[in-house]
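Novice: structure_6.cif (mmCIF, C-alpha atoms) pasted underneath:
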```cif
data_entry
loop_
_atom_site.label_atom_id
_atom_site.label_comp_id
_atom_site.auth_asym_id
_atom_site.auth_seq_id
_atom_site.Cartn_x
_atom_site.Cartn_y
_atom_site.Cartn_z
CA MET L 802 0.00 0.00 0.00
CA GLN L 803 1.42 3.38 -0.94
CA ARG L 804 1.82 6.02 1.70
CA ILE L 805 0.76 9.68 1.61
CA ALA L 806 2.15 12.13 4.17
CA ILE L 807 0.02 15.24 4.66
CA ASP L 808 0.99 18.53 6.26
CA MET L 809 -1.46 20.28 8.61
CA ASP L 810 -1.14 24.06 8.47
CA GLU L 811 -2.55 25.63 5.30
CA VAL L 812 -3.30 22.13 3.98
CA MET L 813 -5.77 20.71 6.53
CA ALA L 814 -5.95 23.59 9.01
CA ASP L 815 -6.82 27.09 7.79
CA PHE L 816 -4.01 28.96 9.46
CA VAL L 817 -3.94 32.32 7.62
CA PRO L 818 -7.47 33.71 8.20
CA LYS L 819 -7.21 33.44 11.99
CA HIS L 820 -3.65 34.77 12.08
CA LEU L 821 -4.54 37.69 9.84
CA ALA L 822 -7.74 38.54 11.72
CA LEU L 823 -5.87 38.75 15.04
CA PHE L 824 -3.11 40.84 13.49
CA ASN L 825 -5.50 43.23 11.72
CA ARG L 826 -7.50 43.70 14.94
CA ASP L 827 -4.48 44.40 17.14
CA PHE L 828 -2.58 46.59 14.69
CA ASN L 829 -5.51 48.37 13.06
CA GLU L 830 -4.70 47.00 9.65
CA ASN L 831 -6.80 45.70 6.80
CA ILE L 832 -4.40 43.27 5.21
CA THR L 833 -6.19 40.74 3.05
CA ILE L 834 -5.27 37.25 1.93
CA GLU L 835 -4.87 38.77 -1.52
CA ASP L 836 -2.13 41.04 -0.13
CA LEU L 837 -0.24 37.97 1.07
CA LYS L 838 0.11 36.40 -2.35
CA GLY L 839 3.68 35.31 -2.71
CA LYS L 840 4.69 36.15 0.84
CA LYS L 841 4.24 35.41 4.49
CA LEU L 842 2.74 38.01 6.82
CA ARG L 843 6.13 38.35 8.53
CA GLU L 844 7.64 39.34 5.18
CA TYR L 845 4.81 41.81 4.53
CA ARG L 846 5.32 43.51 7.91
CA PRO L 847 8.95 42.65 8.76
CA HIS L 848 9.22 45.22 11.55
CA LEU L 849 6.50 43.29 13.43
CA LYS L 850 8.07 39.87 12.91
CA MET L 851 8.19 39.06 16.63
CA GLU L 852 4.61 40.18 17.28
CA ILE L 853 3.45 38.13 14.29
CA ARG L 854 5.18 35.07 15.67
CA ASN L 855 3.81 35.60 19.17
CA TYR L 856 0.28 34.74 18.07
CA ILE L 857 1.44 31.34 16.93
CA THR L 858 3.42 30.50 20.04
CA GLU L 859 0.29 30.99 22.12
CA PRO L 860 -0.51 27.39 23.22
CA THR L 861 -4.12 27.39 22.02
CA PHE L 862 -3.62 29.15 18.68
CA PHE L 863 -3.88 25.96 16.66
CA ARG L 864 -6.80 24.49 18.64
CA ASP L 865 -9.69 26.20 16.84
CA LEU L 866 -8.45 26.66 13.28
CA ALA L 867 -11.09 26.01 10.65
CA VAL L 868 -10.83 22.81 8.65
CA ILE L 869 -9.86 23.41 5.05
CA LYS L 870 -12.72 22.69 2.66
CA ASP L 871 -13.17 19.05 1.63
CA SER L 872 -10.06 17.86 3.48
CA GLN L 873 -12.00 15.61 5.84
CA GLU L 874 -13.98 13.89 3.11
CA VAL L 875 -11.02 13.45 0.76
CA ILE L 876 -8.60 12.26 3.45
CA LYS L 877 -11.21 9.75 4.58
CA ASP L 878 -11.43 8.48 1.00
CA LEU L 879 -7.64 8.43 0.60
CA SER L 880 -7.23 6.45 3.80
CA LYS L 881 -9.15 3.54 2.26
CA GLN L 882 -6.60 3.09 -0.51
CA TYR L 883 -3.43 4.57 0.94
CA GLU L 884 -1.61 4.66 4.24
CA VAL L 885 -2.17 8.24 5.41
CA PHE L 886 0.22 9.92 7.85
CA ILE L 887 -0.13 13.48 9.14
CA THR L 888 3.28 15.10 9.23
CA THR L 889 3.45 18.55 10.75
CA ALA L 890 6.50 20.68 11.53
CA ALA L 891 5.30 21.14 15.11
CA MET L 892 8.85 21.50 16.48
CA GLU L 893 8.84 25.06 15.08
CA TYR L 894 6.14 25.83 17.68
CA PRO L 895 6.70 23.45 20.59
CA THR L 896 3.89 25.07 22.55
CA SER L 897 1.48 23.82 19.89
CA PHE L 898 1.77 20.06 20.47
CA THR L 899 -1.34 19.54 22.56
CA ALA L 900 -3.55 21.86 20.50
CA LYS L 901 -2.47 20.18 17.28
CA TYR L 902 -3.07 16.72 18.67
CA GLU L 903 -6.52 17.63 20.00
CA TRP L 904 -7.43 19.35 16.73
CA LEU L 905 -6.54 16.23 14.77
CA LYS L 906 -8.51 13.99 17.14
CA GLU L 907 -11.53 16.29 16.86
CA HIS L 908 -11.61 16.76 13.11
CA PHE L 909 -9.81 13.68 11.81
CA GLY L 910 -10.75 11.17 14.48
CA PHE L 911 -11.07 8.47 11.82
CA LEU L 912 -7.28 8.43 11.49
CA ASP L 913 -5.12 6.36 13.83
CA ASP L 914 -3.08 8.68 16.05
CA MET L 915 -0.14 6.30 15.61
CA ASN L 916 -0.01 7.93 12.15
CA PHE L 917 0.49 11.44 13.51
CA VAL L 918 4.04 12.78 13.25
CA PHE L 919 5.25 15.98 14.93
CA CYS L 920 8.61 16.77 13.43
CA GLY L 921 10.81 19.59 12.21
CA ASP L 922 13.02 18.57 9.28
CA LYS L 923 10.69 16.50 7.08
CA SER L 924 13.51 14.68 5.33
CA ILE L 925 12.97 12.12 8.12
CA ILE L 926 9.60 11.19 6.55
CA LYS L 927 9.48 7.99 4.57
CA ALA L 928 6.49 8.16 2.28
CA ASP L 929 5.63 7.92 -1.39
CA TYR L 930 3.94 11.33 -1.47
CA LEU L 931 4.09 14.48 0.62
CA ILE L 932 1.31 17.06 0.31
CA ASP L 933 2.66 20.30 1.73
CA ASP L 934 2.44 24.05 1.22
CA HIS L 935 6.19 24.56 1.78
CA THR L 936 8.46 23.61 -1.06
CA ARG L 937 11.48 23.51 1.26
CA HIS L 938 10.23 20.17 2.56
CA PHE L 939 10.48 18.63 -0.91
CA ALA L 940 14.21 19.29 -1.35
CA ARG L 941 15.38 16.21 0.54
CA PHE L 942 12.13 14.23 0.33
CA SER L 943 12.63 10.97 -1.52
CA GLY L 944 9.03 10.60 -2.71
CA GLN L 945 6.82 12.81 -4.84
CA GLY L 946 6.21 16.27 -3.42
CA ILE L 947 2.80 17.79 -4.10
CA LEU L 948 2.50 21.51 -3.49
CA PHE L 949 -0.81 22.50 -1.92
CA THR L 950 -1.63 26.05 -2.93
CA ALA L 951 -1.42 28.61 -0.15
CA PRO L 952 -1.18 32.41 -0.54
CA HIS L 953 2.57 32.44 0.16
CA ASN L 954 3.41 29.86 -2.53
CA VAL L 955 1.29 31.01 -5.48
CA ASN L 956 4.30 32.18 -7.47
CA GLU L 957 6.39 29.04 -7.05
CA THR L 958 6.81 26.97 -10.14
CA GLY L 959 8.37 23.64 -11.00
CA TYR L 960 6.26 21.55 -8.63
CA VAL L 961 3.27 19.29 -8.97
CA ARG L 962 0.57 21.59 -7.62
CA VAL L 963 -2.93 21.03 -6.29
CA ASN L 964 -5.18 24.01 -5.63
CA ASN L 965 -7.70 22.35 -3.35
CA TRP L 966 -8.78 18.99 -1.99
CA GLN L 967 -10.89 18.12 -5.04
CA GLU L 968 -7.67 18.29 -7.04
CA VAL L 969 -5.99 16.02 -4.50
CA LYS L 970 -8.85 13.59 -4.97
CA ASN L 971 -8.46 13.72 -8.73
CA TYR L 972 -4.72 13.16 -8.45
CA PHE L 973 -4.94 10.08 -6.25
CA LEU L 974 -8.34 8.55 -6.85
CA LYS L 975 -9.21 9.14 -10.49
CA MET F 994 25.98 11.52 5.61
CA GLN F 995 24.28 8.50 7.11
CA ARG F 996 21.40 8.99 9.48
CA ILE F 997 20.82 7.41 12.89
CA ALA F 998 17.38 7.56 14.52
CA ILE F 999 17.40 7.12 18.28
CA ASP F 1000 14.52 6.24 20.58
CA MET F 1001 14.17 8.05 23.93
CA ASP F 1002 12.60 5.84 26.60
CA GLU F 1003 14.93 3.14 27.91
CA VAL F 1004 17.57 4.24 25.41
CA MET F 1005 18.29 7.86 26.39
CA ALA F 1006 15.84 8.31 29.27
CA ASP F 1007 15.87 5.88 32.18
CA PHE F 1008 12.18 5.11 32.31
CA VAL F 1009 11.99 1.92 34.41
CA PRO F 1010 13.61 2.97 37.73
CA LYS F 1011 11.22 5.89 38.23
CA HIS F 1012 8.16 3.94 37.13
CA LEU F 1013 9.06 1.03 39.39
CA ALA F 1014 9.84 3.24 42.40
CA LEU F 1015 6.45 4.95 42.18
CA PHE F 1016 4.66 1.63 41.77
CA ASN F 1017 6.52 -0.06 44.64
CA ARG F 1018 5.79 2.88 46.93
CA ASP F 1019 2.07 3.07 46.16
CA PHE F 1020 1.38 -0.68 46.12
CA ASN F 1021 3.77 -1.76 48.87
CA GLU F 1022 5.77 -3.94 46.56
CA ASN F 1023 9.48 -4.65 46.20
CA ILE F 1024 9.65 -5.49 42.54
CA THR F 1025 13.18 -5.15 41.18
CA ILE F 1026 14.52 -4.52 37.70
CA GLU F 1027 15.76 -8.12 37.85
CA ASP F 1028 12.12 -9.28 38.24
CA LEU F 1029 11.23 -7.45 35.03
CA LYS F 1030 13.65 -9.37 32.84
CA GLY F 1031 11.76 -10.43 29.77
CA LYS F 1032 8.59 -8.54 30.61
CA LYS F 1033 6.97 -5.18 31.16
CA LEU F 1034 5.63 -4.20 34.58
CA ARG F 1035 2.08 -4.35 33.18
CA GLU F 1036 2.68 -7.99 32.27
CA TYR F 1037 4.12 -8.73 35.72
CA ARG F 1038 1.10 -7.23 37.49
CA PRO F 1039 -1.63 -7.49 34.83
CA HIS F 1040 -4.48 -6.82 37.27
CA LEU F 1041 -2.99 -3.34 37.84
CA LYS F 1042 -2.48 -2.54 34.17
CA MET F 1043 -4.52 0.67 34.32
CA GLU F 1044 -2.81 1.95 37.47
CA ILE F 1045 0.58 1.18 35.92
CA ARG F 1046 -0.35 3.18 32.85
CA ASN F 1047 -1.68 6.10 34.87
CA TYR F 1048 1.77 7.04 36.10
CA ILE F 1049 2.92 7.50 32.54
CA THR F 1050 -0.03 9.58 31.40
CA GLU F 1051 0.73 12.10 34.13
CA PRO F 1052 1.98 15.12 32.11
CA THR F 1053 5.24 15.58 34.01
CA PHE F 1054 6.25 11.90 34.30
CA PHE F 1055 8.86 12.14 31.55
CA ARG F 1056 10.26 15.52 32.65
CA ASP F 1057 12.75 14.33 35.28
CA LEU F 1058 13.85 10.91 34.08
CA ALA F 1059 17.55 10.23 34.57
CA VAL F 1060 19.77 10.30 31.52
CA ILE F 1061 21.05 6.85 30.58
CA LYS F 1062 24.77 6.49 31.21
CA ASP F 1063 27.08 7.77 28.47
CA SER F 1064 24.21 8.64 26.11
CA GLN F 1065 25.02 12.36 26.08
CA GLU F 1066 28.69 11.91 25.35
CA VAL F 1067 28.20 9.24 22.69
CA ILE F 1068 25.32 11.01 20.94
CA LYS F 1069 27.42 14.16 20.84
CA ASP F 1070 30.21 12.17 19.19
CA LEU F 1071 27.81 10.47 16.79
CA SER F 1072 26.34 13.81 15.74
CA LYS F 1073 29.71 14.85 14.33
CA GLN F 1074 29.76 12.02 11.83
CA TYR F 1075 26.08 11.16 11.37
CA GLU F 1076 22.78 12.95 11.08
CA VAL F 1077 21.12 12.18 14.42
CA PHE F 1078 17.34 12.26 14.82
CA ILE F 1079 15.48 11.52 18.05
CA THR F 1080 12.40 9.44 17.25
CA THR F 1081 10.07 8.75 20.13
CA ALA F 1082 6.67 7.07 20.10
CA ALA F 1083 5.17 10.02 21.97
CA MET F 1084 1.71 9.53 20.41
CA GLU F 1085 1.22 6.61 22.82
CA TYR F 1086 1.24 9.20 25.64
CA PRO F 1087 -0.01 12.47 24.13
CA THR F 1088 0.17 14.17 27.51
CA SER F 1089 3.94 13.71 27.41
CA PHE F 1090 4.81 16.02 24.49
CA THR F 1091 5.93 19.05 26.45
CA ALA F 1092 7.85 17.10 29.10
CA LYS F 1093 9.67 15.11 26.43
CA TYR F 1094 10.55 18.22 24.46
CA GLU F 1095 11.83 20.06 27.54
CA TRP F 1096 13.80 17.00 28.67
CA LEU F 1097 15.53 16.80 25.29
CA LYS F 1098 16.31 20.52 25.31
CA GLU F 1099 17.75 20.25 28.82
CA HIS F 1100 19.91 17.17 28.38
CA PHE F 1101 20.59 17.10 24.64
CA GLY F 1102 20.57 20.80 23.90
CA PHE F 1103 23.42 20.32 21.44
CA LEU F 1104 20.97 18.65 19.03
CA ASP F 1105 18.81 20.71 16.67
CA ASP F 1106 15.17 20.42 17.72
CA MET F 1107 14.27 20.23 14.03
CA ASN F 1108 15.66 16.68 14.41
CA PHE F 1109 13.15 15.68 17.10
CA VAL F 1110 10.32 13.46 15.92
CA PHE F 1111 7.25 12.61 18.01
CA CYS F 1112 5.50 9.80 16.26
CA GLY F 1113 3.64 6.54 16.79
CA ASP F 1114 4.23 4.02 14.03
CA LYS F 1115 7.97 4.29 13.35
CA SER F 1116 7.72 2.84 9.87
CA ILE F 1117 7.39 6.52 8.85
CA ILE F 1118 11.03 7.07 9.83
CA LYS F 1119 13.54 7.29 7.02
CA ALA F 1120 16.96 6.56 8.43
CA ASP F 1121 19.87 4.20 7.93
CA TYR F 1122 19.82 2.98 11.54
CA LEU F 1123 17.27 2.87 14.33
CA ILE F 1124 18.45 2.34 17.91
CA ASP F 1125 15.42 1.23 19.89
CA ASP F 1126 14.47 -1.05 22.78
CA HIS F 1127 11.30 -2.30 21.05
CA THR F 1128 11.78 -4.84 18.30
CA ARG F 1129 8.30 -4.15 16.94
CA HIS F 1130 9.64 -0.93 15.42
CA PHE F 1131 12.14 -2.87 13.31
CA ALA F 1132 9.53 -4.95 11.47
CA ARG F 1133 8.72 -2.33 8.84
CA PHE F 1134 11.88 -0.22 9.23
CA SER F 1135 13.87 -0.12 6.01
CA GLY F 1136 17.26 0.50 7.63
CA GLN F 1137 19.29 -1.47 10.18
CA GLY F 1138 17.55 -1.96 13.50
CA ILE F 1139 19.79 -1.98 16.57
CA LEU F 1140 18.24 -3.35 19.74
CA PHE F 1141 19.24 -1.41 22.84
CA THR F 1142 19.10 -3.73 25.82
CA ALA F 1143 16.31 -3.03 28.30
CA PRO F 1144 14.95 -5.39 30.95
CA HIS F 1145 11.88 -6.31 28.89
CA ASN F 1146 13.87 -7.32 25.79
CA VAL F 1147 16.73 -9.39 27.28
CA ASN F 1148 15.37 -12.65 25.91
CA GLU F 1149 14.83 -11.47 22.35
CA THR F 1150 17.17 -12.91 19.79
CA GLY F 1151 17.84 -12.40 16.12
CA TYR F 1152 18.68 -8.71 16.34
CA VAL F 1153 21.85 -6.67 16.33
CA ARG F 1154 22.07 -5.82 20.03
CA VAL F 1155 23.92 -3.18 22.00
CA ASN F 1156 23.98 -3.39 25.80
CA ASN F 1157 25.01 0.19 26.56
CA TRP F 1158 26.21 3.39 24.95
CA GLN F 1159 29.85 2.31 24.87
CA GLU F 1160 28.73 -0.53 22.61
CA VAL F 1161 26.87 1.98 20.44
CA LYS F 1162 30.07 3.97 20.20
CA ASN F 1163 32.03 0.87 19.20
CA TYR F 1164 29.44 -0.03 16.59
CA PHE F 1165 29.42 3.34 14.86
CA LEU F 1166 32.74 4.96 15.60
CA LYS F 1167 35.32 2.19 15.74
#
```
What is this file in C-alpha cells?
Specialist:
Amino acid sequence: MQRIAIDMDEVMADFVPKHLALFNRDFNENITIEDLKGKKLREYRPHLKMEIRNYITEPTFFRDLAVIKDSQEVIKDLSKQYEVFITTAAMEYPTSFTAKYEWLKEHFGFLDDMNFVFCGDKSIIKADYLIDDHTRHFARFSGQGILFTAPHNVNETGYVRVNNWQEVKNYFLK
Amino acid sequence: MQRIAIDMDEVMADFVPKHLALFNRDFNENITIEDLKGKKLREYRPHLKMEIRNYITEPTFFRDLAVIKDSQEVIKDLSKQYEVFITTAAMEYPTSFTAKYEWLKEHFGFLDDMNFVFCGDKSIIKADYLIDDHTRHFARFSGQGILFTAPHNVNETGYVRVNNWQEVKNYFLK
C-alpha cells in the first residue's frame, strides 16, 4: 500500500485567516489574503516579525483553526486506498503540540493517532507522497512532493501543484 | 551523511527505575529490575495494568527521568559524523509532548530540535539505523535496527544488540 504524508497548516488547518484577523484587529490594519500572495505576513510587515510570531506560540492558537474545505472527506477516501500519515512541523512551535493533537482527534478522528508525526526537518519522513504548502520540505524528500496552494506559494513553479482537496482527490483517486 | 534515529525511553531516558519506584511505593511492593527481565511491569502485574499506565499519562512523568549512562557523550560524538534524529513514540502518551521536548532541550541541547520526531508508528522514519528497545519498530523499518538492551527485551534474539552506549560507540565509531 502506498503512503501519503500530509501537512497540517494551510493544507488541513486554515491557518492564515485566523492569524490575519488577530493581526488586523491588534494593529488596526486591513491586510487581506490577496495582499499575502507570494509572501508570508512576517515578510509583509517585517518590523513586526516578533509580534506576528507571538500569536502562533500561544498554546491554544492551533486548537480552533477552521478545517480546510473538503479535506475531511477526501482524506477519509484516501485512507481507504493509501496509508495516510499526518506530518506537521510542530517543532517550530513546541507550545502547539497539545492543541495540534486535539485538533486532529476532533476533526480527523477516523485516522489512527499512531499515524500522527510531529517533526521539524521532514527529510525524516518515509512516504511515497508528501502534500505540503512549503516547497522547502520537498528538497530532501525521496518521494513525490505535491504543493498544496497557499497564498505564500502562489508564485512558485516547478512543482506538482494542487489548488484544493478536489484536485488532491483527482490526483490520487481518479 | 548517514542517518541514525534514536529512541528516547529506555535508550536515552531511564524510564523503568522511576516507574518502578512509584509503583513499589504506592502498592507496597518490592519489585526489582531483575524481576522485570523479559517482561513489562504491566505484564508482571496485569491486574494493575490501568494503574501502571496512569503514572505514565501524568503530564510531568517524563520531565525528570535520569539520563542513561554515556548517552550524552556518545550522541554528541555520533552527531559529528552522522545525522542524528530523536524518534520517540510520543503519540502513545499524548500528555507527554511538552515534558519530552523540555527534557531533550535540557539534556541534549546540542541537538537541533528540528531533528526531534514525536510519532507513533515508526515505519514513517527514514533513516539508515534505528536504535530502539522495542523490536516491533524494526519490522517495517527499512534500515538497520539496533536493539538497545532493556529489561523487557533481554530474551529477544535475532537482532543486532547493544547493551550500553559504549557498545553503540564501538558499533558506529570504531
Novice: If you take all atoms listed in the file and a cut-off of 7 Å, which residues of chain F touch chain L, and what are their nearest atom pairs and distances in Å to one decimal, in chain and number order, as a tab-separated table?
Specialist:
```
residue	atom	partner	partner_atom	distance
F:Met1084	CA	L:Met915	CA	6.1
F:Phe1090	CA	L:Phe898	CA	6.5
F:Asp1106	CA	L:Met892	CA	6.5
F:Met1107	CA	L:Gly921	CA	4.0
F:Asn1108	CA	L:Gly921	CA	6.1
F:Phe1109	CA	L:Cys920	CA	5.9
F:Val1110	CA	L:Cys920	CA	4.5
F:Phe1111	CA	L:Phe919	CA	5.0
F:Cys1112	CA	L:Val918	CA	4.5
F:Gly1113	CA	L:Met915	CA	4.0
F:Asp1114	CA	L:Met915	CA	5.2
F:Ile1117	CA	L:Lys927	CA	5.0
F:Ile1118	CA	L:Ile926	CA	5.5
F:Lys1119	CA	L:Lys927	CA	4.8
F:Ala1120	CA	L:Ile925	CA	6.9
```
Novice: Would you pick out the contacts of region 830-833 of chain L at 10 Å or less, using all atoms listed in the file, so that residues sharing its chain but fewer than 5 positions from it are not included, and give the list as a ChimeraX atom specification?
Specialist: /L:817-818,821-825,838,842,845
Novice: Expressed in Å to a single decimal, how great is the separation between CA of Glu1027 (chain F) and CA of His1145 (chain F)?
Specialist: 9.9 Å
Novice: Written as a ChimeraX atom specification, which residues does the PyMOL selection byres ((chain F and resi 1032) around 10) give for the file shown?
Specialist: /F:1028-1031,1033-1037,1143-1148
Novice: Residues within 7 Å of Ile932 (chain L), please, as a tab-separated table (two decimals) with C-alpha atoms, in the frame of the given file. Count all atoms listed in the file; anything in the same chain fewer than 3 positions from it doesn't count.
Specialist:
```tsv
chain	number	residue	atom	x	y	z
L	806	ALA	CA	2.15	12.13	4.17
L	807	ILE	CA	0.02	15.24	4.66
L	808	ASP	CA	0.99	18.53	6.26
L	946	GLY	CA	6.21	16.27	-3.42
L	947	ILE	CA	2.80	17.79	-4.10
L	948	LEU	CA	2.50	21.51	-3.49
L	949	PHE	CA	-0.81	22.50	-1.92
```
Novice: If the box runs along x, y and z of the file and leaves 8 Å on each side of region 878-892 of chain L, what are its centre and edge lengths in Å, one decimal, as AutoDock Vina command-line options?
Specialist:
```
--center_x -1.3 --center_y 12.3 --center_z 8.0 --size_x 36.3 --size_y 34.4 --size_z 33.0
```
Novice: Name every residue that the PyMOL selection byres ((chain F and resi 1064) around 9) selects in this structure, writing the answer as a short mmCIF file (atom, residue, chain, number, x, y, z; two decimals) with C-alpha atoms, in the coordinates of the input with chains first and numbers rising.
Specialist:
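Written output follows (part-v2.cif):
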```cif
data_model
loop_
_atom_site.label_atom_id
_atom_site.label_comp_id
_atom_site.auth_asym_id
_atom_site.auth_seq_id
_atom_site.Cartn_x
_atom_site.Cartn_y
_atom_site.Cartn_z
CA VAL F 1004 17.57 4.24 25.41
CA MET F 1005 18.29 7.86 26.39
CA ALA F 1006 15.84 8.31 29.27
CA VAL F 1060 19.77 10.30 31.52
CA ILE F 1061 21.05 6.85 30.58
CA LYS F 1062 24.77 6.49 31.21
CA ASP F 1063 27.08 7.77 28.47
CA GLN F 1065 25.02 12.36 26.08
CA GLU F 1066 28.69 11.91 25.35
CA VAL F 1067 28.20 9.24 22.69
CA ILE F 1068 25.32 11.01 20.94
CA LYS F 1069 27.42 14.16 20.84
CA ASN F 1157 25.01 0.19 26.56
CA TRP F 1158 26.21 3.39 24.95
CA GLN F 1159 29.85 2.31 24.87
#
```
Novice: What does the distance between CA of Gln995 (chain F) and CA of Leu1071 (chain F) come to in Å, to one decimal place?
Specialist: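 Straight-line distance from CA of Gln995 (chain F) to CA of Leu1071 (chain F) works out to 10.5 Å.
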Novice: State, in Å with one decimal place, the distance from CA of Phe1165 (chain F) to CA of Gly1151 (chain F).
Specialist: 19.6 Å
Novice: Within 7 Å of Lys1093 (chain F), counting all atoms listed in the file, which residues show up once you throw out same-chain ones fewer than 4 positions away? Write them as a list in words, please.
Specialist: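 My reading of the contact set: Phe1055, Arg1056, Ser1089 and Leu1097 of chain F.
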Novice: Using only C-alpha atoms, which of the listed residues (L:Lys975, L:Ile853, L:Phe828, L:Thr950) sits closest to Asp810 (chain L)?
Specialist: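 Selected residue with least distance to Asp810 (chain L): L:Thr950.
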